[in-house]
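Shown here: my_file-v1.txt, compact mmCIF, C-alpha atoms and all ligand atoms.
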# COMPACT_ATOMS: atom_id res chain seq x y z
CA MET A 1 -7.94 1.34 14.39
CA ILE A 2 -10.34 -1.58 14.16
CA VAL A 3 -14.00 -1.54 15.11
CA ASN A 4 -15.10 -5.07 15.93
CA MET A 5 -18.85 -5.33 15.46
CA SER A 6 -20.78 -7.67 17.73
CA GLU A 7 -22.11 -10.93 16.29
CA LYS A 8 -25.62 -9.50 16.49
CA ALA A 9 -24.86 -6.17 14.78
CA THR A 10 -27.46 -5.19 12.20
CA GLU A 11 -26.71 -3.97 8.67
CA ASP A 12 -27.82 -0.44 9.70
CA GLN A 13 -25.45 -0.45 12.66
CA ILE A 14 -22.57 -1.60 10.43
CA GLN A 15 -23.38 1.09 7.87
CA HIS A 16 -23.46 3.72 10.63
CA ILE A 17 -19.93 2.74 11.69
CA ILE A 18 -18.71 2.83 8.08
CA ASP A 19 -20.12 6.37 7.74
CA ARG A 20 -18.60 7.51 11.04
CA VAL A 21 -15.16 6.13 10.08
CA ARG A 22 -15.32 8.13 6.85
CA GLU A 23 -16.46 11.27 8.72
CA ALA A 24 -13.46 10.90 11.05
CA GLY A 25 -11.16 11.19 8.03
CA TYR A 26 -10.28 7.52 7.56
CA GLN A 27 -10.94 5.07 4.76
CA PRO A 28 -13.30 2.32 5.96
CA HIS A 29 -12.39 -1.27 4.99
CA VAL A 30 -15.01 -3.84 5.84
CA THR A 31 -14.30 -7.53 6.39
CA ARG A 32 -17.33 -9.75 6.70
CA GLY A 33 -16.27 -12.96 8.45
CA THR A 34 -18.42 -16.00 9.05
CA GLU A 35 -19.16 -14.85 12.59
CA ARG A 36 -18.63 -11.11 12.76
CA THR A 37 -17.87 -8.01 10.76
CA ILE A 38 -14.75 -5.89 11.26
CA VAL A 39 -14.55 -2.28 10.12
CA ALA A 40 -10.96 -1.07 9.82
CA ALA A 41 -10.20 2.66 9.84
CA VAL A 42 -7.19 3.02 7.55
CA GLY A 43 -5.12 6.11 6.81
CA SER A 44 -4.82 9.13 9.05
CA GLY A 45 -7.80 10.79 10.67
CA ARG A 46 -9.15 11.84 14.05
CA ARG A 47 -8.35 8.89 16.26
CA HIS A 48 -10.46 10.00 19.26
CA GLU A 49 -13.59 9.90 17.08
CA ILE A 50 -12.94 6.24 16.31
CA GLU A 51 -12.17 5.46 19.96
CA ALA A 52 -15.54 6.98 20.87
CA LEU A 53 -17.33 4.40 18.68
CA GLN A 54 -16.75 2.01 21.59
CA VAL A 55 -20.25 2.97 22.78
CA ALA A 56 -22.03 2.99 19.42
CA PRO A 57 -24.82 0.41 18.98
CA GLY A 58 -23.68 -2.95 17.61
CA VAL A 59 -20.01 -2.37 18.49
CA ASP A 60 -18.15 -4.94 20.57
CA ASN A 61 -14.87 -3.07 20.97
CA VAL A 62 -12.40 -0.73 19.31
CA VAL A 63 -8.73 -1.67 19.22
CA ALA A 64 -5.60 -0.20 17.71
CA ILE A 65 -3.99 -2.10 14.83
CA ALA A 66 -0.74 -3.27 16.38
CA GLN A 67 1.33 -3.39 13.18
CA PRO A 68 2.16 -0.69 10.62
CA PHE A 69 0.58 -2.82 7.88
CA LYS A 70 -3.20 -2.84 8.15
CA LEU A 71 -5.13 -4.45 5.29
CA VAL A 72 -2.74 -7.39 5.02
CA SER A 73 -2.92 -8.06 8.75
CA ARG A 74 -4.87 -10.85 10.36
CA GLN A 75 -6.20 -8.38 12.90
CA VAL A 76 -8.23 -6.79 10.13
CA LYS A 77 -9.07 -10.12 8.42
CA PRO A 78 -8.61 -13.15 10.69
CA GLU A 79 -9.76 -15.64 8.05
CA ARG A 80 -7.21 -16.78 5.47
CA SER A 81 -7.49 -15.39 1.96
CA ILE A 82 -7.65 -17.55 -1.11
CA VAL A 83 -6.24 -16.09 -4.33
CA ARG A 84 -7.74 -17.50 -7.54
CA ILE A 85 -5.65 -17.56 -10.67
CA ASN A 86 -7.69 -18.67 -13.67
CA GLY A 87 -9.05 -21.81 -12.00
CA VAL A 88 -6.22 -22.46 -9.51
CA ALA A 89 -6.74 -21.51 -5.84
CA ILE A 90 -3.73 -20.59 -3.70
CA GLY A 91 -4.32 -20.45 0.05
CA GLY A 92 -6.82 -23.31 0.34
CA ALA A 93 -6.27 -26.91 1.39
CA GLU A 94 -4.08 -27.86 -1.59
CA VAL A 95 -0.36 -27.12 -1.85
CA VAL A 96 -0.08 -25.49 -5.29
CA VAL A 97 3.08 -26.15 -7.29
CA ILE A 98 4.15 -23.61 -9.92
CA ALA A 99 6.95 -24.87 -12.16
CA GLY A 100 8.83 -23.91 -15.29
CA PRO A 101 12.06 -22.43 -16.52
CA CYS A 102 13.75 -19.37 -15.08
CA SER A 103 13.63 -17.80 -18.58
CA VAL A 104 11.58 -18.59 -21.65
CA GLU A 105 14.31 -19.43 -24.17
CA SER A 106 12.38 -20.93 -27.09
CA ARG A 107 8.95 -22.30 -27.98
CA GLU A 108 10.19 -25.87 -27.82
CA GLN A 109 11.91 -25.40 -24.45
CA LEU A 110 8.82 -23.89 -22.87
CA LEU A 111 6.23 -26.23 -24.37
CA ASP A 112 8.25 -29.34 -23.50
CA THR A 113 8.64 -28.06 -19.96
CA ALA A 114 4.98 -27.12 -19.63
CA HIS A 115 3.84 -30.61 -20.67
CA ALA A 116 6.41 -32.30 -18.41
CA VAL A 117 5.58 -30.31 -15.28
CA LYS A 118 1.87 -30.80 -15.89
CA ARG A 119 2.38 -34.57 -16.15
CA SER A 120 4.20 -34.50 -12.82
CA GLY A 121 1.35 -32.62 -11.12
CA ALA A 122 2.21 -28.92 -11.32
CA SER A 123 -0.86 -26.64 -11.38
CA MET A 124 0.73 -23.51 -12.82
CA LEU A 125 3.52 -22.58 -15.23
CA ARG A 126 6.27 -20.03 -14.65
CA GLY A 127 8.69 -18.51 -17.17
CA GLY A 128 10.56 -15.23 -17.34
CA ALA A 129 10.10 -12.93 -20.35
CA TYR A 130 11.80 -9.87 -18.82
CA LYS A 131 14.75 -10.94 -16.67
CA PRO A 132 16.33 -8.93 -13.85
CA ARG A 133 19.99 -9.90 -14.40
CA THR A 134 22.82 -8.71 -12.20
CA SER A 135 25.03 -8.16 -15.26
CA PRO A 136 23.81 -6.17 -18.28
CA TYR A 137 25.76 -8.61 -20.48
CA ASP A 138 23.68 -11.63 -19.39
CA PHE A 139 20.57 -12.91 -21.22
CA GLN A 140 17.81 -10.34 -20.60
CA GLY A 141 14.79 -12.40 -21.74
CA LEU A 142 12.88 -12.62 -25.03
CA GLY A 143 10.29 -9.98 -24.05
CA VAL A 144 7.05 -10.02 -26.03
CA GLU A 145 8.11 -13.11 -27.99
CA ALA A 146 8.30 -14.98 -24.67
CA LEU A 147 4.87 -13.68 -23.66
CA LYS A 148 3.38 -15.16 -26.84
CA ILE A 149 5.06 -18.49 -26.14
CA LEU A 150 3.74 -18.44 -22.58
CA GLN A 151 0.22 -17.82 -23.89
CA ASP A 152 0.56 -20.75 -26.31
CA ALA A 153 1.73 -22.98 -23.47
CA HIS A 154 -1.32 -21.99 -21.48
CA ARG A 155 -3.59 -22.78 -24.44
CA GLU A 156 -1.97 -26.17 -24.95
CA THR A 157 -1.83 -27.29 -21.31
CA GLY A 158 -4.48 -25.23 -19.53
CA LEU A 159 -1.90 -24.27 -16.88
CA PRO A 160 -2.29 -20.65 -15.71
CA VAL A 161 0.91 -18.68 -16.26
CA VAL A 162 2.95 -16.32 -14.07
CA THR A 163 5.73 -14.07 -15.35
CA GLU A 164 7.78 -11.24 -13.89
CA VAL A 165 7.06 -7.58 -14.56
CA MET A 166 9.99 -5.22 -14.07
CA SER A 167 8.63 -1.93 -15.33
CA THR A 168 5.35 -0.03 -15.23
CA GLU A 169 5.64 0.41 -19.01
CA ASP A 170 5.23 -3.34 -19.59
CA ILE A 171 2.21 -3.94 -17.35
CA ASP A 172 -0.57 -3.56 -19.93
CA LEU A 173 1.20 -5.73 -22.48
CA ILE A 174 1.99 -8.49 -19.97
CA CYS A 175 -1.63 -8.48 -18.77
CA GLU A 176 -2.76 -9.39 -22.29
CA TYR A 177 -0.82 -12.65 -22.21
CA VAL A 178 -0.57 -14.08 -18.67
CA ASP A 179 -2.71 -14.87 -15.63
CA MET A 180 -0.53 -13.58 -12.78
CA LEU A 181 2.25 -10.98 -12.54
CA GLN A 182 5.34 -11.54 -10.43
CA VAL A 183 7.10 -8.71 -8.63
CA GLY A 184 10.67 -9.94 -8.38
CA ALA A 185 12.78 -9.73 -5.24
CA ARG A 186 14.77 -6.78 -6.58
CA ASN A 187 11.57 -4.81 -7.17
CA MET A 188 9.80 -5.52 -3.89
CA GLN A 189 10.18 -1.89 -2.90
CA ASN A 190 9.67 -0.36 -6.34
CA PHE A 191 6.77 1.68 -5.08
CA ALA A 192 5.81 3.15 -8.45
CA LEU A 193 5.47 -0.41 -9.79
CA LEU A 194 3.46 -1.53 -6.75
CA ARG A 195 1.11 1.46 -7.00
CA ARG A 196 0.39 0.71 -10.65
CA LEU A 197 -0.07 -3.03 -10.01
CA ALA A 198 -2.55 -2.15 -7.28
CA THR A 199 -4.89 -0.87 -9.98
CA ILE A 200 -4.93 -3.95 -12.25
CA LYS A 201 -7.34 -6.87 -12.18
CA LYS A 202 -4.71 -9.64 -12.23
CA PRO A 203 -3.29 -11.40 -9.16
CA ILE A 204 0.23 -10.55 -8.01
CA LEU A 205 3.02 -12.81 -6.76
CA LEU A 206 5.10 -10.61 -4.45
CA LYS A 207 8.57 -11.93 -3.76
CA ARG A 208 10.41 -10.93 -0.61
CA GLY A 209 13.44 -8.71 -1.23
CA PRO A 210 16.79 -10.39 -0.45
CA SER A 211 17.44 -7.92 2.36
CA ALA A 212 13.89 -7.05 3.34
CA THR A 213 12.48 -7.69 6.79
CA VAL A 214 9.13 -9.47 7.04
CA LYS A 215 7.60 -6.15 8.07
CA GLU A 216 8.94 -4.41 4.94
CA TRP A 217 7.66 -7.28 2.80
CA LEU A 218 4.16 -6.99 4.30
CA LEU A 219 4.23 -3.21 3.88
CA ALA A 220 5.03 -3.75 0.19
CA ALA A 221 1.92 -5.97 0.03
CA GLU A 222 0.01 -3.21 1.80
CA TYR A 223 0.72 -0.93 -1.19
CA LEU A 224 -1.13 -3.43 -3.38
CA LEU A 225 -4.10 -3.95 -1.08
CA SER A 226 -4.52 -0.31 -0.14
CA GLY A 227 -4.47 0.60 -3.83
CA GLY A 228 -7.30 -1.85 -4.56
CA ASN A 229 -5.71 -5.19 -5.50
CA GLN A 230 -6.59 -7.84 -2.91
CA GLN A 231 -5.27 -10.71 -5.04
CA VAL A 232 -1.78 -10.99 -3.57
CA VAL A 233 0.34 -14.08 -2.89
CA LEU A 234 3.56 -13.64 -0.89
CA CYS A 235 6.69 -15.58 -1.84
CA GLU A 236 9.73 -16.27 0.36
CA ARG A 237 12.76 -16.74 -1.92
CA GLY A 238 15.70 -16.58 0.46
CA ILE A 239 17.59 -13.65 1.94
CA LYS A 240 21.21 -12.50 2.04
CA THR A 241 23.19 -13.72 5.03
CA PHE A 242 26.86 -14.44 5.75
CA GLU A 243 26.39 -17.97 4.36
CA THR A 244 28.28 -18.47 1.09
CA GLU A 245 27.62 -22.13 0.19
CA MET A 246 24.08 -21.34 -0.90
CA ARG A 247 22.91 -18.57 -3.22
CA ASN A 248 20.57 -17.25 -0.51
CA THR A 249 19.42 -18.42 2.90
CA MET A 250 15.88 -19.80 2.83
CA ASP A 251 14.11 -18.12 5.74
CA LEU A 252 11.65 -20.87 6.59
CA ALA A 253 10.52 -19.25 9.82
CA ALA A 254 9.51 -16.17 7.81
CA ILE A 255 6.93 -18.31 6.00
CA ALA A 256 5.34 -19.25 9.30
CA LEU A 257 5.63 -15.67 10.58
CA ALA A 258 4.10 -14.14 7.44
CA ARG A 259 1.16 -16.54 7.77
CA ASP A 260 0.82 -15.60 11.43
CA LEU A 261 0.80 -11.88 10.74
CA SER A 262 -1.10 -11.87 7.47
CA HIS A 263 -4.13 -13.56 5.94
CA LEU A 264 -2.45 -13.62 2.51
CA PRO A 265 -1.28 -16.95 1.09
CA VAL A 266 2.49 -17.54 1.29
CA ILE A 267 4.47 -19.71 -1.10
CA ALA A 268 8.14 -20.71 -1.12
CA ASP A 269 10.78 -20.59 -3.85
CA PRO A 270 13.39 -23.21 -2.97
CA SER A 271 15.17 -22.69 -6.31
CA HIS A 272 16.31 -19.12 -5.61
CA GLY A 273 16.26 -19.84 -1.87
CA THR A 274 19.10 -22.34 -2.16
CA GLY A 275 20.57 -22.03 -5.66
CA LYS A 276 21.17 -25.78 -5.66
CA GLN A 277 19.30 -28.56 -7.47
CA SER A 278 20.25 -31.03 -4.75
CA LEU A 279 18.44 -29.07 -2.01
CA ILE A 280 15.11 -28.49 -3.73
CA ALA A 281 13.33 -31.64 -2.47
CA ALA A 282 14.38 -31.20 1.16
CA VAL A 283 13.62 -27.48 1.31
CA SER A 284 10.29 -27.92 -0.51
CA ARG A 285 9.24 -30.46 2.10
CA ALA A 286 10.38 -28.17 4.89
CA ALA A 287 8.49 -25.19 3.44
CA VAL A 288 5.27 -27.19 3.26
CA ALA A 289 5.85 -28.41 6.82
CA VAL A 290 6.03 -24.82 8.13
CA GLY A 291 2.79 -23.93 6.35
CA ALA A 292 3.63 -22.81 2.81
CA ASP A 293 0.52 -22.70 0.60
CA GLY A 294 2.57 -23.56 -2.46
CA LEU A 295 5.95 -23.76 -4.15
CA ILE A 296 7.52 -22.17 -7.21
CA ILE A 297 10.24 -24.35 -8.69
CA GLU A 298 12.56 -23.85 -11.67
CA VAL A 299 12.55 -26.69 -14.22
CA HIS A 300 14.49 -26.86 -17.51
CA PRO A 301 14.71 -29.62 -20.16
CA CYS A 302 18.52 -29.47 -19.90
CA PRO A 303 19.72 -27.40 -16.92
CA GLU A 304 23.35 -27.43 -18.08
CA ARG A 305 22.29 -25.47 -21.17
CA ALA A 306 19.97 -23.01 -19.38
CA LEU A 307 20.50 -19.33 -20.22
CA SER A 308 19.76 -18.40 -16.61
CA ASP A 309 19.76 -20.20 -13.26
CA GLY A 310 20.85 -23.62 -14.58
CA PRO A 311 22.53 -24.75 -11.32
CA GLN A 312 19.27 -24.47 -9.42
CA SER A 313 16.98 -25.82 -12.16
CA LEU A 314 15.70 -29.38 -12.08
CA ASP A 315 15.41 -31.56 -15.15
CA PHE A 316 12.08 -33.32 -15.74
CA ALA A 317 13.05 -36.46 -13.81
CA GLY A 318 14.35 -34.37 -10.92
CA PHE A 319 11.08 -32.44 -10.78
CA GLU A 320 9.08 -35.67 -10.82
CA ARG A 321 11.15 -36.83 -7.80
CA VAL A 322 10.44 -33.61 -5.94
CA MET A 323 6.70 -34.02 -6.56
CA GLN A 324 6.97 -37.57 -5.27
CA ALA A 325 8.94 -36.36 -2.23
CA LEU A 326 6.10 -34.00 -1.37
CA THR A 327 3.75 -36.95 -0.89
CA GLU A 328 6.03 -38.86 1.48
CA PRO A 329 5.97 -38.73 5.28
CA LEU A 330 7.93 -36.02 7.05
CA ARG A 331 10.46 -38.39 8.60
CA PRO A 332 11.41 -40.61 5.69
CA THR A 333 13.27 -43.85 6.06
CA ALA A 334 16.45 -44.33 4.02
CA ARG A 335 14.43 -46.28 1.48
CA THR A 336 11.98 -43.55 0.51
CA ALA A 337 12.28 -42.29 -3.03
CA TRP A 338 13.42 -38.79 -2.22
CA ALA A 339 16.14 -39.91 0.17
CA ALA A 340 17.37 -42.42 -2.41
CA ALA A 341 17.38 -39.71 -5.07
CA GLU A 342 19.33 -37.36 -2.82
CA ALA A 343 21.89 -40.06 -2.22
CA SER A 344 22.37 -40.89 -5.89
C1 LIG B 1 12.99 -15.56 -10.90
O1 LIG B 1 11.91 -15.96 -10.42
O2 LIG B 1 13.56 -16.10 -11.88
C2 LIG B 1 13.67 -14.45 -10.19
C3 LIG B 1 14.50 -13.63 -10.84
O3 LIG B 1 13.37 -14.43 -8.89
P1 LIG B 1 13.85 -13.42 -7.73
O4 LIG B 1 13.21 -12.11 -8.04
O5 LIG B 1 13.33 -14.07 -6.48
O6 LIG B 1 15.36 -13.36 -7.76
MN MN B 2 15.50 -17.59 -11.85
Will you turn the file into structure tokens for me?
Amino acid sequence: MIVNMSEKATEDQIQHIIDRVREAGYQPHVTRGTERTIVAAVGSGRRHEIEALQVAPGVDNVVAIAQPFKLVSRQVKPERSIVRINGVAIGGAEVVVIAGPCSVESREQLLDTAHAVKRSGASMLRGGAYKPRTSPYDFQGLGVEALKILQDAHRETGLPVVTEVMSTEDIDLICEYVDMLQVGARNMQNFALLRRLATIKKPILLKRGPSATVKEWLLAAEYLLSGGNQQVVLCERGIKTFETEMRNTMDLAAIALARDLSHLPVIADPSHGTGKQSLIAAVSRAAVAVGADGLIIEVHPCPERALSDGPQSLDFAGFERVMQALTEPLRPTARTAWAAAEAS
């Protein structure tokens, strides 16, 4: 349930509602907007006691929260959230580009990539230290060695770093080295991991599971917010469909829908979303057109030698072209740089 306070509600009246929500057995969550304050009653309590607040002083109205997710919903917080990651803001006016290799493979590979993506205009660096691989025989990541390399890359370039966390055991260690923790698609519904990440002070990049509905994705985010971590960025990375030409099917409409339903920033991952280098520019442009607050793109100094996800990784020149493509008008002529690059 949501108690919408009137624009003229006093602090005492707001506090009274907060107290009454608690007395009715719910957890009060207060959102102070520029115009009005909203008090959400979250959890399970005595609903009729909240409904009765209709007539309390300073209350405009009491409405039910239409969706099963509460704290992530725009009903509870109509204004968009901005997540700050060590100097970079996701969810504001700028489209934030996060770039880097799928996996950290060596110091040289990561530092070269970090400098190259920074030169091309990326604002954050990505790189996997612990890799969720389908086969146990594939490269599993360099672990703590990769974390140290990521930290060095941050020190050299100033780019904040995001890396994936797969297990609750690794959380404290990863937090020592990076600025943002990624929950990978395969772990979107690892509730033990989400509950633990809800208690940390670092922002979380929450990827959508390959077979998760938008509702399930937002409920996964609800675990983080309800446990105390408000710093959550959603990431659409493609879902499983009957299509076989692409690694996944990029669900562009889900980006728009997630932004409609939730105040959290939403970014797009065209690398995993398509699995193809050649589609990254077009799908990045499309994602921004439907409202994405940012992009996360895989870049490798030599994609043909990558230990993971080479076919979808751009080389430095390819990444530069994608960054250029993002500045060009939505209906390009045949002569624009990105169209020419696609054709070559
Ligand atoms: C990755 O970012 O390299 C990755 C494994 O992503 P996802 O969880 O979306 O597959
Ligand atoms: Mn990858």
### Query
Using only C-alpha atoms, which residues sit within 12 Å of Ala185 (chain A) once same-chain residues fewer than 3 positions away are excluded, as a VMD selection string?
chain A and resid 131 to 133 164 to 166 182 188 to 190 205 to 212 217 220 234 to 240 248 269 272 to 273
### For Glu23 (chain A): contacts at 10 Å, only C-alpha atoms, fewer than 4 positions along chain excluded, given as an MDAnalysis selection string
chainID A and resid 17:19 27:28 45:46 49:50
### Task
Please identify every polymer residue within 8 Å of ligand MN 2 (chain B), using only C-alpha atoms and all ligand atoms, and present the set as a list of chain:residue names.
A:Pro101, A:Cys102, A:Ser103, A:Gly128, A:Ser271, A:His272, A:Glu298, A:Ser308, A:Asp309
### Task
Within 10 Å of Leu264 (chain A), counting all atoms listed in the file, which residues show up once you throw out same-chain ones fewer than 6 positions away? Write them as an MDAnalysis selection string, please.
chainID A and resid 71:74 77 79:83 90:91 218 221 230:234 258 293
Dump C-alpha atoms for the selected residues as a PDB file, in the coordinates of the input?
ATOM      1  CA  LEU A  71      -5.130  -4.450   5.290  1.00  0.00           C
ATOM      2  CA  VAL A  72      -2.740  -7.390   5.020  1.00  0.00           C
ATOM      3  CA  SER A  73      -2.920  -8.060   8.750  1.00  0.00           C
ATOM      4  CA  ARG A  74      -4.870 -10.850  10.360  1.00  0.00           C
ATOM      5  CA  LYS A  77      -9.070 -10.120   8.420  1.00  0.00           C
ATOM      6  CA  GLU A  79      -9.760 -15.640   8.050  1.00  0.00           C
ATOM      7  CA  ARG A  80      -7.210 -16.780   5.470  1.00  0.00           C
ATOM      8  CA  SER A  81      -7.490 -15.390   1.960  1.00  0.00           C
ATOM      9  CA  ILE A  82      -7.650 -17.550  -1.110  1.00  0.00           C
ATOM     10  CA  VAL A  83      -6.240 -16.090  -4.330  1.00  0.00           C
ATOM     11  CA  ILE A  90      -3.730 -20.590  -3.700  1.00  0.00           C
ATOM     12  CA  GLY A  91      -4.320 -20.450   0.050  1.00  0.00           C
ATOM     13  CA  LEU A 218       4.160  -6.990   4.300  1.00  0.00           C
ATOM     14  CA  ALA A 221       1.920  -5.970   0.030  1.00  0.00           C
ATOM     15  CA  GLN A 230      -6.590  -7.840  -2.910  1.00  0.00           C
ATOM     16  CA  GLN A 231      -5.270 -10.710  -5.040  1.00  0.00           C
ATOM     17  CA  VAL A 232      -1.780 -10.990  -3.570  1.00  0.00           C
ATOM     18  CA  VAL A 233       0.340 -14.080  -2.890  1.00  0.00           C
ATOM     19  CA  LEU A 234       3.560 -13.640  -0.890  1.00  0.00           C
ATOM     20  CA  ALA A 258       4.100 -14.140   7.440  1.00  0.00           C
ATOM     21  CA  ASP A 293       0.520 -22.700   0.600  1.00  0.00           C
TER      22      ASP A 293
END
#### Entry: Nearest to ligand LIG 1 (chain B), chosen from A:Gln109, A:Asn187, A:Thr241, A:Ser135, with all atoms listed in the file counted in the distances
A:Asn187
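Comparing A:Pro311, A:Val266, A:Leu197, A:Pro301 by their smallest distance to Glu108 (chain A), the closest is A:Pro301 (using all atoms listed in the file).
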### Task
Record the distance separating CA of His48 (chain A) and CA of Ala24 (chain A), expressed in Å with one decimal.
8.8 Å
### Query
What is the CA of Val95 (chain A) to CA of Val214 (chain A) distance in Å?
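That distance, rounded to one decimal, is 21.9 Å.
For the pair CA of Leu295 (chain A) and CA of Leu225 (chain A), the interatomic distance is 22.4 Å.
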### Query
Taking into account all atoms listed in the file, which residue in the set A:Ala325, A:Ala198, A:Val104, A:Leu173 is nearest to Gly141 (chain A)?
A:Val104
## Note on the structure
ligand LIG 1 (chain B) proximity check over A:Ala41, A:Val3, A:Leu307, A:Leu326, using all atoms listed in the file: winner is A:Leu307
Region 132-141 of chain A, all listed atoms, 3 Å padding on each side: what axis-aligned box centre and edge lengths in Å to one decimal come out, as JSON?
{"center_x": 20.3, "center_y": -9.5, "center_z": -17.0, "size_x": 17.0, "size_y": 12.7, "size_z": 15.5}
